[in-house]
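**Q** A single structure is presented below for examination.
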Amino acid sequence: MSATVPFQNLRLPTEVELEIMQAVQRVVESHHYILGREVELFEQEFATYLGVKHAVAVASGTDALCLALLAGGVIRPGAEVIVPALTSPFTAIAVVRAGGWPVFADVNQKTWTLDAESVAGCITEKTVALVPVHLYGNPVDWPPLAKLAEAHDLLVLEDACQAHGALFQGVKVGALGRVAAFSFYPTKNLGAAGDGGAIVTNDELLAAQCRHLRNGGQIGRYVHDQPVFHSRLDEIQAAILRVKLPYLDAWNEQRNKVYRDYWEKLPDCIFPALPPGSRPVAHVAAMCHPQRNRLCAHLKGRGIETLIHYPVPLHQMPAFTPYAGRPCPVAETICGRVLSLPLYLSISEQEQKQAVLAIREFSSDA
C-alpha cells in the first residue's frame, strides 16, 4: 500500500519557500554563479553560527571530509584513519579518496558513536587521524577521543554531516577540535536544494589550504600547482542556505520534540543514549528493535514508511573488503536491529500518533 505517513517530507513553510525563490532570483539577476558574494556571506554566517573563525564551502559533505584530510597534511602512503563501523559509507569513501587507509573501530553500546576503547585498540604507528561521527544528530562523547588523539598526536576530523547545531558541553559540534566537515544534502537539518558541504576550522593555514584545494590547486588564472580536483558550492545553493540558517535552531527544536515523543512513547524500543552535557538535533529518529525486519514489514502494511540507517556495518561492506580488519560486534548488532522512524518538520501529531500506535500494536502482538 502507499505510505500514509512518509519517512521524509521536505516541504517548508510557505514564507520560507518564498524567501528561497527570492534568493534564487537574486542570484539569477546577478549573473554570477560560482564563488561569488553569496558563498562568501554564507561562509561568514555559518562560521559565526558555529563559533569558529573559518568556513570553506565545497560541493558535498564527502568532499569536505576528503579535503579536510588532505589539508590537514597527515595523509601519506599507508596512512591509517580510524572511522566508526556504524556510519554512512561516505565517511570511509572520503578517507579512501584522500589516499588514506580506513580502519574500522566499534561503536559504544550505549551511544552508538565511536568507542574510545575500541579506538585505542586500533591505533598503530601508521595511524594519523580519527574521524568521530556525530551520528543521527547525536554528539560523540568527545573527551576520551580527544585524550587519545592528544596522546598519539592524531588529527581529529569531526564528521558533523548529520549534526548541524548540536551541542557538547555548550560548544557546537564542528567547533570541538581542529577541523570538521558538514554536509548540506537536501535531507539534512540544514539542507540545500542539491549537494553541498563545508569545512570549518579555527586554523587559518588549514582554511587557506582548503580554499586552495577546492579550486583545483589554482595559484593564478589557468596556473595550478597541484593536480587536485575542484569542489565548489555554487551561488544558488549558498543563497538558499543563507535563507535557511536563521531558522535552524527553531527547526532543530521541532525535530527534537518529535524525537522525544518517540522516545517517551515507545518504551519497548532502544534509542541511543546521549553523552552528559550534550544536546542533539534529531537528524534521524533511529531506534533498535530485536524483530526489526518483522516490525518494518508490519509498519509498511500500516502505511508507515521507514528506512534503515545503516543495514551493513562498513567493515562488512563489499566496497571496503580490502580494509575489513577486526570484527565490530556492537556495530554488527545495531545494524541488524536499527530502524529509522518518520521525522520531518511538517510531520503532524496525527501522523506521528499513527506511527507510534502501529509500533505498539506490533509489540502487543509479538
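If you're wondering about the labels, chains in the C-alpha cells are A, B, ... by order shown, residues count from 1 in each chain, ligands from 1 in order shown.
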Please extract the residues of stretch 173-301 of chain A with a backbone DSSP assignment of helix (DSSP H, G or I) and present them as a tab-separated table (two decimals) with C-alpha atoms, in the first residue's frame.

**A**
chain	number	residue	atom	x	y	z
A	204	GLU	CA	43.89	29.92	9.35
A	205	LEU	CA	46.55	27.98	7.42
A	206	LEU	CA	44.34	24.90	7.16
A	207	ALA	CA	41.42	27.03	5.93
A	208	ALA	CA	43.66	28.64	3.31
A	209	GLN	CA	44.80	25.23	2.12
A	210	CYS	CA	41.19	24.04	1.85
A	211	ARG	CA	40.33	27.08	-0.30
A	212	HIS	CA	43.34	26.31	-2.48
A	213	LEU	CA	42.44	22.63	-2.89
A	214	ARG	CA	38.72	23.23	-3.58
A	235	GLU	CA	25.92	30.66	-5.55
A	236	ILE	CA	22.32	29.42	-5.74
A	237	GLN	CA	22.89	26.77	-3.07
A	238	ALA	CA	24.69	29.31	-0.86
A	239	ALA	CA	21.79	31.76	-1.22
A	240	ILE	CA	19.30	29.03	-0.24
A	241	LEU	CA	21.38	28.05	2.78
A	242	ARG	CA	21.58	31.70	3.85
A	243	VAL	CA	17.77	31.82	3.92
A	244	LYS	CA	17.53	28.64	5.99
A	245	LEU	CA	20.32	29.23	8.50
A	246	PRO	CA	18.42	31.73	10.73
A	247	TYR	CA	15.62	29.16	11.12
A	248	LEU	CA	17.93	26.25	12.02
A	249	ASP	CA	17.73	26.39	15.81
A	250	ALA	CA	13.94	26.62	15.82
A	251	TRP	CA	13.69	23.77	13.32
A	252	ASN	CA	16.03	21.66	15.43
A	253	GLU	CA	13.77	22.18	18.43
A	254	GLN	CA	10.79	20.98	16.39
A	255	ARG	CA	12.69	17.87	15.33
A	256	ASN	CA	13.86	17.23	18.90
A	257	LYS	CA	10.28	17.37	20.15
A	258	VAL	CA	9.20	14.71	17.65
A	259	TYR	CA	12.19	12.58	18.63
A	260	ARG	CA	11.48	12.94	22.36
A	261	ASP	CA	7.88	11.89	21.78
A	262	TYR	CA	9.05	8.69	20.10
A	263	TRP	CA	11.49	8.04	22.92
A	264	GLU	CA	8.88	8.58	25.64
A	265	LYS	CA	6.02	6.72	23.96
A	292	ARG	CA	13.40	-5.19	13.18
A	293	ASN	CA	12.56	-6.88	9.88
A	294	ARG	CA	9.14	-8.08	11.05
A	295	LEU	CA	8.39	-4.67	12.55
A	296	CYS	CA	9.42	-2.98	9.31
A	297	ALA	CA	7.04	-5.19	7.33
A	298	HIS	CA	4.26	-4.54	9.85
A	299	LEU	CA	4.70	-0.77	9.57
A	300	LYS	CA	4.76	-0.94	5.79
A	301	GLY	CA	1.46	-2.78	5.93

**Q** Would you mind writing down, as number ranges by chain, each residue of stretch 200-310 of chain A that DSSP on the backbone assigns to strand (DSSP E or B)?

**A** A: 200-201, 215, 218-220, 223-224, 230, 234, 270, 278-279, 285-288, 304, 307

**Q** Atom CA of A:His315 and atom CA of A:Leu155, how far apart in Å?

**A**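 Rounded to one decimal, the two atoms are 21.9 Å apart.
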
**Q** Compile the contact shell of stretch 107-109 of chain A as a PDB file with N, CA and C atoms, in the first residue's frame: residues with an atom at most 10 Å away, counting only C-alpha atoms, same-chain residues fewer than 2 positions apart removed.

**A**
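Writing done, so here's out.pdb:
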ATOM      1  N   VAL A  83      37.794   5.228  11.607  1.00  0.00           N
ATOM      2  CA  VAL A  83      36.407   5.670  11.459  1.00  0.00           C
ATOM      3  C   VAL A  83      35.492   4.643  12.133  1.00  0.00           C
ATOM      4  N   PRO A  84      34.296   5.032  12.527  1.00  0.00           N
ATOM      5  CA  PRO A  84      33.380   4.064  13.130  1.00  0.00           C
ATOM      6  C   PRO A  84      32.817   3.097  12.103  1.00  0.00           C
ATOM      7  N   ALA A  85      32.562   1.867  12.537  1.00  0.00           N
ATOM      8  CA  ALA A  85      31.968   0.868  11.643  1.00  0.00           C
ATOM      9  C   ALA A  85      30.504   1.168  11.376  1.00  0.00           C
ATOM     10  N   LEU A  86      29.878   1.956  12.251  1.00  0.00           N
ATOM     11  CA  LEU A  86      28.473   2.344  12.073  1.00  0.00           C
ATOM     12  C   LEU A  86      28.411   3.812  11.671  1.00  0.00           C
ATOM     13  N   THR A  87      28.244   4.050  10.401  1.00  0.00           N
ATOM     14  CA  THR A  87      28.092   5.405   9.867  1.00  0.00           C
ATOM     15  C   THR A  87      27.743   5.292   8.397  1.00  0.00           C
ATOM     16  N   PHE A 104      38.398   0.405  10.768  1.00  0.00           N
ATOM     17  CA  PHE A 104      37.061   0.466  11.362  1.00  0.00           C
ATOM     18  C   PHE A 104      37.090   0.077  12.828  1.00  0.00           C
ATOM     19  N   ALA A 105      36.697   1.020  13.673  1.00  0.00           N
ATOM     20  CA  ALA A 105      36.577   0.786  15.112  1.00  0.00           C
ATOM     21  C   ALA A 105      35.110   0.591  15.463  1.00  0.00           C
ATOM     22  N   THR A 111      25.839   4.718  23.307  1.00  0.00           N
ATOM     23  CA  THR A 111      25.678   5.929  22.492  1.00  0.00           C
ATOM     24  C   THR A 111      25.650   5.654  20.996  1.00  0.00           C
ATOM     25  N   TRP A 112      26.170   4.511  20.566  1.00  0.00           N
ATOM     26  CA  TRP A 112      26.257   4.093  19.161  1.00  0.00           C
ATOM     27  C   TRP A 112      27.267   4.916  18.368  1.00  0.00           C
ATOM     28  N   THR A 113      28.057   5.736  19.039  1.00  0.00           N
ATOM     29  CA  THR A 113      29.094   6.508  18.356  1.00  0.00           C
ATOM     30  C   THR A 113      30.467   5.929  18.715  1.00  0.00           C
ATOM     31  N   LEU A 114      31.500   6.440  18.075  1.00  0.00           N
ATOM     32  CA  LEU A 114      32.845   5.877  18.157  1.00  0.00           C
ATOM     33  C   LEU A 114      33.260   5.616  19.607  1.00  0.00           C
ATOM     34  N   ASP A 115      33.703   4.373  19.862  1.00  0.00           N
ATOM     35  CA  ASP A 115      34.045   3.928  21.198  1.00  0.00           C
ATOM     36  C   ASP A 115      35.546   4.101  21.449  1.00  0.00           C
ATOM     37  N   ALA A 116      35.904   4.831  22.493  1.00  0.00           N
ATOM     38  CA  ALA A 116      37.305   5.149  22.759  1.00  0.00           C
ATOM     39  C   ALA A 116      38.141   3.898  23.011  1.00  0.00           C
ATOM     40  N   GLU A 117      37.584   2.920  23.713  1.00  0.00           N
ATOM     41  CA  GLU A 117      38.332   1.692  23.993  1.00  0.00           C
ATOM     42  C   GLU A 117      38.641   0.939  22.705  1.00  0.00           C
ATOM     43  N   SER A 118      37.669   0.862  21.803  1.00  0.00           N
ATOM     44  CA  SER A 118      37.903   0.206  20.524  1.00  0.00           C
ATOM     45  C   SER A 118      38.924   0.983  19.697  1.00  0.00           C
ATOM     46  N   VAL A 119      38.832   2.317  19.727  1.00  0.00           N
ATOM     47  CA  VAL A 119      39.793   3.157  19.005  1.00  0.00           C
ATOM     48  C   VAL A 119      41.210   2.888  19.507  1.00  0.00           C
ATOM     49  N   PRO A 132      35.608  10.876  14.261  1.00  0.00           N
ATOM     50  CA  PRO A 132      34.391  10.591  15.020  1.00  0.00           C
ATOM     51  C   PRO A 132      33.174  11.191  14.313  1.00  0.00           C
ATOM     52  N   VAL A 140      29.176  12.954  19.729  1.00  0.00           N
ATOM     53  CA  VAL A 140      30.010  11.891  20.275  1.00  0.00           C
ATOM     54  C   VAL A 140      30.425  12.261  21.693  1.00  0.00           C
ATOM     55  N   ASP A 141      30.872  11.263  22.442  1.00  0.00           N
ATOM     56  CA  ASP A 141      31.462  11.516  23.756  1.00  0.00           C
ATOM     57  C   ASP A 141      32.889  11.981  23.510  1.00  0.00           C
ATOM     58  N   PRO A 272      19.546   5.449  21.181  1.00  0.00           N
ATOM     59  CA  PRO A 272      20.905   5.706  21.662  1.00  0.00           C
ATOM     60  C   PRO A 272      20.920   6.700  22.808  1.00  0.00           C
ATOM     61  N   ALA A 273      21.806   6.449  23.774  1.00  0.00           N
ATOM     62  CA  ALA A 273      21.972   7.365  24.902  1.00  0.00           C
ATOM     63  C   ALA A 273      22.823   8.559  24.486  1.00  0.00           C
ATOM     64  N   CYS A 328      33.519  -5.918  14.602  1.00  0.00           N
ATOM     65  CA  CYS A 328      32.968  -4.822  15.406  1.00  0.00           C
ATOM     66  C   CYS A 328      31.588  -5.281  15.873  1.00  0.00           C
ATOM     67  N   PRO A 329      31.543  -6.089  16.920  1.00  0.00           N
ATOM     68  CA  PRO A 329      30.288  -6.763  17.298  1.00  0.00           C
ATOM     69  C   PRO A 329      29.149  -5.830  17.682  1.00  0.00           C
ATOM     70  N   VAL A 330      29.439  -4.702  18.305  1.00  0.00           N
ATOM     71  CA  VAL A 330      28.349  -3.791  18.687  1.00  0.00           C
ATOM     72  C   VAL A 330      27.720  -3.193  17.436  1.00  0.00           C
ATOM     73  N   ALA A 331      28.549  -2.724  16.520  1.00  0.00           N
ATOM     74  CA  ALA A 331      28.022  -2.171  15.266  1.00  0.00           C
ATOM     75  C   ALA A 331      27.240  -3.228  14.499  1.00  0.00           C
ATOM     76  N   GLU A 332      27.731  -4.450  14.485  1.00  0.00           N
ATOM     77  CA  GLU A 332      27.043  -5.530  13.772  1.00  0.00           C
ATOM     78  C   GLU A 332      25.660  -5.773  14.372  1.00  0.00           C
ATOM     79  N   THR A 333      25.574  -5.768  15.692  1.00  0.00           N
ATOM     80  CA  THR A 333      24.279  -5.989  16.349  1.00  0.00           C
ATOM     81  C   THR A 333      23.311  -4.851  16.047  1.00  0.00           C
ATOM     82  N   ILE A 334      23.793  -3.623  16.153  1.00  0.00           N
ATOM     83  CA  ILE A 334      22.928  -2.463  15.887  1.00  0.00           C
ATOM     84  C   ILE A 334      22.430  -2.498  14.446  1.00  0.00           C
TER      85      ILE A 334
END

**Q** Which neighbours of A:Thr4 fall inside 12 Å, counting only C-alpha atoms, when residues of the same chain fewer than 2 positions from it are skipped, and could you give them as a ChimeraX atom specification?

**A** /A:1-2,6-9,299-306,342,347-348,350-352,354-355

**Q** With N, CA and C atoms retained, export the selected residues as a PDB file, in the first residue's frame.

**A**
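Output below, filename result.pdb:
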ATOM      1  N   MET A   1       0.845  -1.190   0.000  1.00  0.00           N
ATOM      2  CA  MET A   1       0.000   0.000   0.000  1.00  0.00           C
ATOM      3  C   MET A   1       0.883   1.243   0.000  1.00  0.00           C
ATOM      4  N   SER A   2       0.342   2.357  -0.486  1.00  0.00           N
ATOM      5  CA  SER A   2       1.103   3.603  -0.492  1.00  0.00           C
ATOM      6  C   SER A   2       1.206   4.139   0.932  1.00  0.00           C
ATOM      7  N   PRO A   6       4.776   9.281   5.311  1.00  0.00           N
ATOM      8  CA  PRO A   6       6.054   9.127   4.615  1.00  0.00           C
ATOM      9  C   PRO A   6       7.221   9.215   5.581  1.00  0.00           C
ATOM     10  N   PHE A   7       8.355   8.656   5.194  1.00  0.00           N
ATOM     11  CA  PHE A   7       9.543   8.769   6.033  1.00  0.00           C
ATOM     12  C   PHE A   7      10.073  10.196   6.046  1.00  0.00           C
ATOM     13  N   GLN A   8       9.973  10.856   4.892  1.00  0.00           N
ATOM     14  CA  GLN A   8      10.551  12.184   4.731  1.00  0.00           C
ATOM     15  C   GLN A   8       9.622  13.063   3.915  1.00  0.00           C
ATOM     16  N   ASN A   9       9.560  14.325   4.282  1.00  0.00           N
ATOM     17  CA  ASN A   9       8.805  15.305   3.517  1.00  0.00           C
ATOM     18  C   ASN A   9       9.561  16.630   3.640  1.00  0.00           C
ATOM     19  N   LEU A 299       4.921  -2.204   9.770  1.00  0.00           N
ATOM     20  CA  LEU A 299       4.695  -0.770   9.572  1.00  0.00           C
ATOM     21  C   LEU A 299       4.374  -0.459   8.109  1.00  0.00           C
ATOM     22  N   LYS A 300       5.063  -1.136   7.212  1.00  0.00           N
ATOM     23  CA  LYS A 300       4.763  -0.938   5.790  1.00  0.00           C
ATOM     24  C   LYS A 300       3.308  -1.295   5.498  1.00  0.00           C
ATOM     25  N   GLY A 301       2.848  -2.373   6.115  1.00  0.00           N
ATOM     26  CA  GLY A 301       1.456  -2.782   5.930  1.00  0.00           C
ATOM     27  C   GLY A 301       0.463  -1.794   6.502  1.00  0.00           C
ATOM     28  N   ARG A 302       0.914  -0.965   7.443  1.00  0.00           N
ATOM     29  CA  ARG A 302       0.045   0.065   8.032  1.00  0.00           C
ATOM     30  C   ARG A 302       0.251   1.423   7.372  1.00  0.00           C
ATOM     31  N   GLY A 303       1.053   1.443   6.300  1.00  0.00           N
ATOM     32  CA  GLY A 303       1.275   2.697   5.579  1.00  0.00           C
ATOM     33  C   GLY A 303       2.313   3.606   6.213  1.00  0.00           C
ATOM     34  N   ILE A 304       3.151   3.046   7.105  1.00  0.00           N
ATOM     35  CA  ILE A 304       4.187   3.835   7.777  1.00  0.00           C
ATOM     36  C   ILE A 304       5.523   3.543   7.091  1.00  0.00           C
ATOM     37  N   GLU A 305       6.106   4.557   6.486  1.00  0.00           N
ATOM     38  CA  GLU A 305       7.361   4.369   5.756  1.00  0.00           C
ATOM     39  C   GLU A 305       8.549   4.514   6.708  1.00  0.00           C
ATOM     40  N   THR A 306       9.513   3.601   6.604  1.00  0.00           N
ATOM     41  CA  THR A 306      10.718   3.640   7.436  1.00  0.00           C
ATOM     42  C   THR A 306      11.950   3.438   6.550  1.00  0.00           C
ATOM     43  N   PRO A 342       9.672   7.900  10.848  1.00  0.00           N
ATOM     44  CA  PRO A 342       9.388   9.180  10.171  1.00  0.00           C
ATOM     45  C   PRO A 342       9.716  10.378  11.052  1.00  0.00           C
ATOM     46  N   ILE A 347       5.777  16.979   9.919  1.00  0.00           N
ATOM     47  CA  ILE A 347       5.018  15.822  10.406  1.00  0.00           C
ATOM     48  C   ILE A 347       3.972  16.301  11.419  1.00  0.00           C
ATOM     49  N   SER A 348       2.775  15.806  11.278  1.00  0.00           N
ATOM     50  CA  SER A 348       1.684  16.231  12.159  1.00  0.00           C
ATOM     51  C   SER A 348       1.605  15.324  13.376  1.00  0.00           C
ATOM     52  N   GLN A 350      -0.951  13.780  14.312  1.00  0.00           N
ATOM     53  CA  GLN A 350      -1.710  12.601  13.903  1.00  0.00           C
ATOM     54  C   GLN A 350      -0.819  11.592  13.177  1.00  0.00           C
ATOM     55  N   GLU A 351       0.062  12.087  12.316  1.00  0.00           N
ATOM     56  CA  GLU A 351       0.960  11.181  11.595  1.00  0.00           C
ATOM     57  C   GLU A 351       1.896  10.460  12.560  1.00  0.00           C
ATOM     58  N   GLN A 352       2.452  11.210  13.519  1.00  0.00           N
ATOM     59  CA  GLN A 352       3.333  10.563  14.477  1.00  0.00           C
ATOM     60  C   GLN A 352       2.551   9.598  15.362  1.00  0.00           C
ATOM     61  N   GLN A 354       0.013   7.841  14.465  1.00  0.00           N
ATOM     62  CA  GLN A 354      -0.190   6.631  13.671  1.00  0.00           C
ATOM     63  C   GLN A 354       1.030   5.715  13.753  1.00  0.00           C
ATOM     64  N   ALA A 355       2.209   6.307  13.643  1.00  0.00           N
ATOM     65  CA  ALA A 355       3.429   5.513  13.708  1.00  0.00           C
ATOM     66  C   ALA A 355       3.598   4.871  15.078  1.00  0.00           C
TER      67      ALA A 355
END

**Q** Find the residues around A:Ala181 up to 9 Å (only C-alpha atoms counted), leave out those fewer than 2 positions away in its own chain, and share them as JSON, numbers by chain.

**A** {"A": [61, 62, 63, 64, 65, 68, 157, 158, 159, 160, 161, 174, 179, 183, 197, 198, 199, 200]}

**Q** Would you pick out the contacts of A:Asn138 at 9 Å or less, using only C-alpha atoms, so that residues sharing its chain but fewer than 2 positions from it are not included, and give the list as a list in words?

**A**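 Using only C-alpha atoms, the neighbours found are Thr111, Thr113, Val133, His134, Leu135, Tyr136, Val140, Gln162, Ala163, Ala166, Leu167, Pro272, Ala273, Leu274, Pro275, Ser278, Arg279, Pro280, Val281, Ala282 and His283 of chain A.
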
**Q** Residues of the last selection are to be written out with C-alpha atoms, as a PDB file, in the first residue's frame.

**A**
ATOM      1  CA  THR A 111      25.678   5.929  22.492  1.00  0.00           C
ATOM      2  CA  THR A 113      29.094   6.508  18.356  1.00  0.00           C
ATOM      3  CA  VAL A 133      30.876  10.874  13.588  1.00  0.00           C
ATOM      4  CA  HIS A 134      28.104  12.786  15.356  1.00  0.00           C
ATOM      5  CA  LEU A 135      25.638  10.117  14.286  1.00  0.00           C
ATOM      6  CA  TYR A 136      21.928  10.811  13.746  1.00  0.00           C
ATOM      7  CA  VAL A 140      30.010  11.891  20.275  1.00  0.00           C
ATOM      8  CA  GLN A 162      24.316  14.927  10.416  1.00  0.00           C
ATOM      9  CA  ALA A 163      24.569  17.320  13.349  1.00  0.00           C
ATOM     10  CA  ALA A 166      24.165  20.022  18.102  1.00  0.00           C
ATOM     11  CA  LEU A 167      25.988  20.934  21.313  1.00  0.00           C
ATOM     12  CA  PRO A 272      20.905   5.706  21.662  1.00  0.00           C
ATOM     13  CA  ALA A 273      21.972   7.365  24.902  1.00  0.00           C
ATOM     14  CA  LEU A 274      23.433  10.858  24.940  1.00  0.00           C
ATOM     15  CA  PRO A 275      26.792  11.787  26.492  1.00  0.00           C
ATOM     16  CA  SER A 278      25.134  17.190  25.127  1.00  0.00           C
ATOM     17  CA  ARG A 279      22.148  18.410  23.124  1.00  0.00           C
ATOM     18  CA  PRO A 280      21.190  16.504  19.963  1.00  0.00           C
ATOM     19  CA  VAL A 281      19.483  17.862  16.863  1.00  0.00           C
ATOM     20  CA  ALA A 282      17.449  14.787  15.845  1.00  0.00           C
ATOM     21  CA  HIS A 283      18.525  14.337  12.257  1.00  0.00           C
TER      22      HIS A 283
END

**Q** Between A:Gly194, A:Pro267, A:Gly73, A:Pro139, which has the minimum distance to A:Leu233 (counting only C-alpha atoms)?

**A**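 Looking at the shortest contact to A:Leu233, the residue is A:Gly194.
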
**Q** Here is a test: counting only C-alpha atoms, which residue of A:Leu345, A:Val103, A:Ala192, A:Leu41 is nearest to A:Ser60?

**A**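 Among the listed residues, A:Ala192 lies closest to A:Ser60.
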
**Q** Point out the residue among A:Arg337, A:His289, A:Arg221, A:Arg326 with the least atom-to-atom distance to A:Pro311, counting only C-alpha atoms.

**A**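 Of all the options, A:Arg337 lies closest to A:Pro311.
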
**Q** With distances taken over only C-alpha atoms, which of A:Val128, A:Leu35, A:Ala59, A:Leu50 is nearest to A:Ala151?

**A**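 Nearest to A:Ala151: A:Val128.
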